[in-house]
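So this one's entry.txt, compact mmCIF, C-alpha atoms:
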# COMPACT_ATOMS: atom_id res chain seq x y z
CA LYS A 1 130.33 81.34 153.40
CA ALA A 2 127.62 80.14 155.74
CA GLY A 3 124.15 79.64 154.29
CA VAL A 4 120.81 80.73 155.64
CA THR A 5 120.30 79.40 159.15
CA GLN A 6 116.89 78.80 160.64
CA THR A 7 116.16 77.90 164.23
CA PRO A 8 114.64 75.86 165.64
CA ARG A 9 114.45 73.10 163.01
CA TYR A 10 111.55 71.33 164.68
CA LEU A 11 109.06 72.36 167.29
CA ILE A 12 105.74 71.22 168.68
CA LYS A 13 103.21 73.61 170.14
CA THR A 14 99.60 73.38 171.27
CA ARG A 15 96.66 75.41 170.04
CA GLY A 16 96.52 78.90 171.47
CA GLN A 17 100.25 79.16 172.10
CA GLN A 18 102.57 81.46 170.24
CA VAL A 19 105.83 80.73 168.47
CA THR A 20 108.86 82.69 167.33
CA LEU A 21 111.09 81.46 164.50
CA SER A 22 114.49 82.87 163.72
CA CYS A 23 116.40 83.31 160.48
CA SER A 24 120.00 84.39 159.97
CA PRO A 25 120.62 85.37 156.35
CA ILE A 26 123.78 84.95 154.34
CA SER A 27 126.33 87.55 155.35
CA GLY A 28 125.81 90.68 153.27
CA HIS A 29 122.24 89.83 152.29
CA ARG A 30 119.83 92.54 153.36
CA SER A 31 116.55 91.07 152.16
CA VAL A 32 114.76 88.29 154.03
CA SER A 33 111.57 86.62 152.83
CA TRP A 34 109.37 84.13 154.68
CA TYR A 35 107.22 81.40 153.16
CA GLN A 36 104.82 78.85 154.57
CA GLN A 37 104.89 75.42 152.95
CA THR A 38 102.03 72.97 153.42
CA PRO A 39 101.07 69.88 151.40
CA GLY A 40 97.71 71.36 150.43
CA GLN A 41 98.68 74.97 149.69
CA GLY A 42 102.21 74.66 148.41
CA LEU A 43 104.56 77.56 149.08
CA GLN A 44 102.78 80.69 150.25
CA PHE A 45 104.49 84.07 150.58
CA LEU A 46 104.27 85.55 154.07
CA PHE A 47 106.37 88.73 153.97
CA GLU A 48 109.62 90.28 152.89
CA TYR A 49 111.92 92.57 154.86
CA PHE A 50 114.69 94.83 153.66
CA SER A 51 116.75 97.09 155.91
CA GLU A 52 114.40 96.49 158.85
CA THR A 53 111.32 97.51 156.83
CA GLN A 54 108.53 95.22 155.70
CA ARG A 55 108.37 95.73 151.93
CA ASN A 56 105.69 93.27 150.99
CA LYS A 57 103.14 91.08 152.70
CA GLY A 58 101.14 88.05 151.65
CA ASN A 59 97.53 87.21 152.46
CA PHE A 60 97.91 85.94 156.00
CA PRO A 61 95.99 87.03 159.10
CA GLY A 62 97.44 89.48 161.57
CA ARG A 63 98.46 86.59 163.84
CA PHE A 64 101.48 86.27 161.58
CA SER A 65 104.06 88.99 162.10
CA GLY A 66 107.73 89.50 161.58
CA ARG A 67 110.58 91.86 162.04
CA GLN A 68 114.12 92.39 160.92
CA PHE A 69 117.02 93.60 163.00
CA SER A 70 119.86 95.93 162.06
CA ASN A 71 122.14 92.95 161.40
CA SER A 72 119.54 91.64 158.88
CA ARG A 73 118.53 88.73 161.07
CA SER A 74 114.80 88.20 161.02
CA GLU A 75 112.17 86.66 163.23
CA MET A 76 108.61 85.71 162.54
CA ASN A 77 105.96 85.22 165.16
CA VAL A 78 102.67 83.39 165.06
CA SER A 79 100.27 84.06 167.91
CA THR A 80 97.21 82.08 169.00
CA LEU A 81 98.30 79.03 167.07
CA GLU A 82 95.74 77.00 165.16
CA LEU A 83 95.98 73.42 163.89
CA GLY A 84 96.18 74.76 160.33
CA ASP A 85 99.40 76.61 161.15
CA SER A 86 101.25 73.30 161.12
CA ALA A 87 103.70 73.71 158.29
CA LEU A 88 107.29 74.06 157.20
CA TYR A 89 108.30 77.72 157.51
CA LEU A 90 111.03 78.67 155.09
CA CYS A 91 113.20 81.72 155.22
CA ALA A 92 115.16 82.96 152.22
CA SER A 93 117.66 85.77 151.86
CA SER A 94 118.82 87.72 148.85
CA LEU A 95 121.33 90.39 148.08
CA GLU A 96 118.99 92.80 146.37
CA GLY A 97 115.91 94.42 147.73
CA THR A 98 112.86 96.22 146.37
CA GLY A 99 113.43 98.05 143.16
CA SER A 100 116.40 95.98 142.18
CA SER A 101 116.63 95.21 138.49
CA GLY A 102 118.66 92.10 139.16
CA ALA A 103 117.51 88.53 139.40
CA ASN A 104 116.97 88.74 143.16
CA VAL A 105 117.88 85.10 143.59
CA LEU A 106 116.59 83.68 146.86
CA THR A 107 118.76 81.37 148.95
CA PHE A 108 116.67 79.25 151.28
CA GLY A 109 117.31 77.85 154.70
CA ALA A 110 116.32 74.29 155.61
CA GLY A 111 113.17 75.47 157.33
CA SER A 112 111.49 75.25 160.71
CA ARG A 113 108.89 72.51 160.92
CA LEU A 114 106.06 73.53 163.24
CA THR A 115 103.52 71.02 164.49
CA VAL A 116 100.48 72.34 166.31
CA LEU A 117 98.58 69.82 168.45
CA GLY B 1 96.50 88.67 140.53
CA GLU B 2 99.69 86.69 140.43
CA ASP B 3 99.38 82.93 140.13
CA VAL B 4 101.74 80.14 139.13
CA GLU B 5 100.47 76.68 138.25
CA GLN B 6 102.20 73.36 137.79
CA SER B 7 101.09 69.76 137.52
CA LEU B 8 101.60 67.90 140.78
CA PHE B 9 103.31 64.70 139.62
CA LEU B 10 105.60 63.45 136.88
CA SER B 11 107.08 59.98 136.50
CA VAL B 12 109.87 59.23 134.03
CA ARG B 13 112.18 56.34 133.30
CA GLU B 14 115.81 56.65 134.28
CA GLY B 15 117.82 57.93 131.34
CA ASP B 16 114.86 59.60 129.64
CA SER B 17 114.26 63.34 129.53
CA SER B 18 111.91 64.97 132.03
CA VAL B 19 109.87 67.99 131.07
CA ILE B 20 108.19 69.96 133.83
CA ASN B 21 105.73 72.62 132.78
CA CYS B 22 104.53 75.79 134.45
CA THR B 23 102.12 78.58 133.58
CA TYR B 24 101.92 82.01 135.19
CA THR B 25 99.53 84.89 134.97
CA ASP B 26 101.58 88.03 135.64
CA SER B 27 102.42 89.55 132.27
CA SER B 28 104.90 91.90 133.93
CA SER B 29 107.08 89.04 135.17
CA THR B 30 110.73 89.97 134.90
CA TYR B 31 112.46 86.81 136.05
CA LEU B 32 111.33 83.20 136.21
CA TYR B 33 113.01 80.58 138.32
CA TRP B 34 113.26 76.86 138.84
CA TYR B 35 113.99 75.54 142.31
CA LYS B 36 114.50 71.98 143.52
CA GLN B 37 113.54 70.64 146.94
CA GLU B 38 114.84 67.33 148.25
CA PRO B 39 113.26 65.61 151.26
CA GLY B 40 113.86 67.43 154.52
CA ALA B 41 115.61 70.33 152.87
CA GLY B 42 114.89 73.87 151.78
CA LEU B 43 114.68 74.97 148.18
CA GLN B 44 117.77 75.07 146.01
CA LEU B 45 117.99 77.33 142.97
CA LEU B 46 118.53 75.37 139.76
CA THR B 47 118.37 78.14 137.19
CA TYR B 48 116.54 81.30 136.23
CA ILE B 49 115.71 83.12 133.03
CA PHE B 50 115.14 86.76 132.26
CA SER B 51 111.85 87.50 130.57
CA ASN B 52 113.44 88.81 127.38
CA MET B 53 115.05 85.43 126.73
CA ASP B 54 113.30 82.42 125.28
CA MET B 55 115.80 79.72 126.12
CA LYS B 56 118.60 79.05 128.56
CA GLN B 57 120.74 75.93 128.74
CA ASP B 58 122.89 74.84 131.65
CA GLN B 59 124.43 71.37 131.38
CA ARG B 60 121.53 68.89 131.57
CA LEU B 61 118.97 71.62 132.16
CA THR B 62 117.13 73.52 129.43
CA VAL B 63 114.62 76.24 130.23
CA LEU B 64 112.14 77.36 127.59
CA LEU B 65 110.04 80.48 128.00
CA ASN B 66 107.02 81.35 125.88
CA LYS B 67 106.18 84.81 127.09
CA LYS B 68 103.17 85.18 124.81
CA ASP B 69 101.53 82.10 126.35
CA LYS B 70 103.07 82.72 129.80
CA HIS B 71 104.47 79.20 129.74
CA LEU B 72 107.75 78.04 131.22
CA SER B 73 109.27 74.58 131.03
CA LEU B 74 112.25 72.81 132.50
CA ARG B 75 113.79 69.91 130.62
CA ILE B 76 116.19 67.60 132.43
CA ALA B 77 118.18 65.46 130.04
CA ASP B 78 119.29 61.92 130.97
CA THR B 79 117.25 61.90 134.18
CA GLN B 80 118.97 60.17 137.09
CA THR B 81 117.69 58.82 140.41
CA GLY B 82 119.31 61.80 142.11
CA ASP B 83 116.90 64.05 140.23
CA SER B 84 114.00 62.73 142.32
CA ALA B 85 112.66 65.79 144.10
CA ILE B 86 109.96 68.44 144.02
CA TYR B 87 110.53 71.12 141.39
CA PHE B 88 109.11 74.59 141.91
CA CYS B 89 108.52 77.18 139.27
CA ALA B 90 108.53 80.78 140.51
CA GLU B 91 108.09 84.22 139.05
CA ARG B 92 109.13 87.68 140.06
CA GLY B 93 106.44 90.03 138.93
CA SER B 94 105.66 93.68 139.15
CA SER B 95 106.48 93.73 142.85
CA ALA B 96 110.20 93.15 142.86
CA SER B 97 110.31 92.05 146.47
CA LYS B 98 107.73 89.30 146.09
CA ILE B 99 108.50 86.02 144.37
CA ILE B 100 105.50 83.76 143.80
CA PHE B 101 105.92 79.99 143.69
CA GLY B 102 103.88 77.27 142.08
CA SER B 103 102.73 74.30 144.14
CA GLY B 104 105.60 72.14 142.94
CA THR B 105 105.89 69.07 140.69
CA ARG B 106 107.03 65.86 142.33
CA LEU B 107 109.37 64.05 139.94
CA SER B 108 109.79 60.32 140.46
CA ILE B 109 112.19 58.12 138.53
CA ARG B 110 111.37 54.58 137.39
CA PRO B 111 114.22 52.10 136.92
Just give me the structure as structure tokens.
Amino acid sequence: KAGVTQTPRYLIKTRGQQVTLSCSPISGHRSVSWYQQTPGQGLQFLFEYFSETQRNKGNFPGRFSGRQFSNSRSEMNVSTLELGDSALYLCASSLEGTGSSGANVLTFGAGSRLTVL
Amino acid sequence: GEDVEQSLFLSVREGDSSVINCTYTDSSSTYLYWYKQEPGAGLQLLTYIFSNMDMKQDQRLTVLLNKKDKHLSLRIADTQTGDSAIYFCAERGSSASKIIFGSGTRLSIRP
């Protein structure tokens, strides 16, 4: 079955602009998590969605937002871009959601690489 | 709070064993994971271990968990050039929907 698909793969924006990234999870997966990966900070948790509800949120400013649709596809938005937002944004999906006692294994997409100039 | 720490670099000779270490702080961790990231790609799950286990073996991979010391390790036997990658340790703690990752260990292989 198809893996996690993220679009676009690469994009360049300028400071002050906004960006929307898209993630299509594996069919049947209802949980989608977003991470920001930078060389200095490693992999930082942004948020997790399950059945269109945000279940958990990391320590990012309000400029970072997301949503999930009824088909489990998710988008994240970053407004008023700053140079420090340049990063690889990774989306991951999993079968289980909050409260699951299972392993909740995440399957990652290839990421969207954002460059802010 | 939840934190996962790993050393940033490891260099081993081809054919030797690689041991990548990780420490975590959340004593309520239920599952611990090892992921691999190759250049230009997302993260790929290698293996995971439930917190009530102390060892798991899967072909060339051996995971050891010391829950008392909150220490996790990944041993790769007979390391090959294809094992060059960044290895991430991760833990699922008290919040089941949030998986916290370490900063990754870059494994390089010497001929």
Counting only C-alpha atoms, chain A residues within 10 Å of chain B, as a PyMOL selection string: chain A and resi 4+31-33+35+37-50+54-58+88-92+94+96-113
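With only C-alpha atoms as the atoms that count, the residue of B:Thr23, B:Thr105, B:Ser18, B:Ser29 with the shortest distance to Ile76 in chain B is B:Ser18.
The shortest atom-to-atom distance to Thr7 in chain A, with only C-alpha atoms taken into account, belongs to A:Ser24 out of A:Gln36, A:Ser79, A:Ser72, A:Ser24.
When only C-alpha atoms are used to measure the gap to Leu10 in chain B, the shortest distance among B:Leu65, B:Ala77, B:Leu107, B:Met55 belongs to B:Leu107.
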Residue among B:Gly93, B:Arg106, B:His71, B:Asp78 lying closest to Ser7 in chain B, counting only C-alpha atoms: B:Arg106
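Distances to Gln57 in chain B were evaluated for B:Arg75, B:Ser11, B:Lys70, B:Cys89 using all atoms listed in the file, and the minimum falls at B:Arg75.
Atom to atom, CA of Ile20 in chain B and CA of Ser108 in chain B stand 11.8 Å apart.
The space between CA of Lys13 in chain A and CA of Val116 in chain A spans 4.9 Å.
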Interatomic distance, CA of Leu114 in chain A to CA of Lys36 in chain B (Å, one decimal): 21.5 Å
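Among A:Ala2, A:Arg30, A:Phe64, A:Asn59, the residue with the shortest atom-to-atom distance to Thr80 in chain A, counting all atoms listed in the file, is A:Phe64.
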Using all atoms listed in the file, which residues sit within 10 Å of Gly84 in chain A once same-chain residues fewer than 3 positions away are excluded, as a PDB file with C-alpha atoms, in the frame of the given file?
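Written file, around.pdb:
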ATOM      1  CA  ARG A  15      96.660  75.410 170.040  1.00  0.00           C
ATOM      2  CA  THR A  38     102.030  72.970 153.420  1.00  0.00           C
ATOM      3  CA  LEU A  81      98.300  79.030 167.070  1.00  0.00           C
ATOM      4  CA  ALA A  87     103.700  73.710 158.290  1.00  0.00           C
ATOM      5  CA  THR A 115     103.520  71.020 164.490  1.00  0.00           C
ATOM      6  CA  VAL A 116     100.480  72.340 166.310  1.00  0.00           C
ATOM      7  CA  LEU A 117      98.580  69.820 168.450  1.00  0.00           C
TER       8      LEU A 117
END
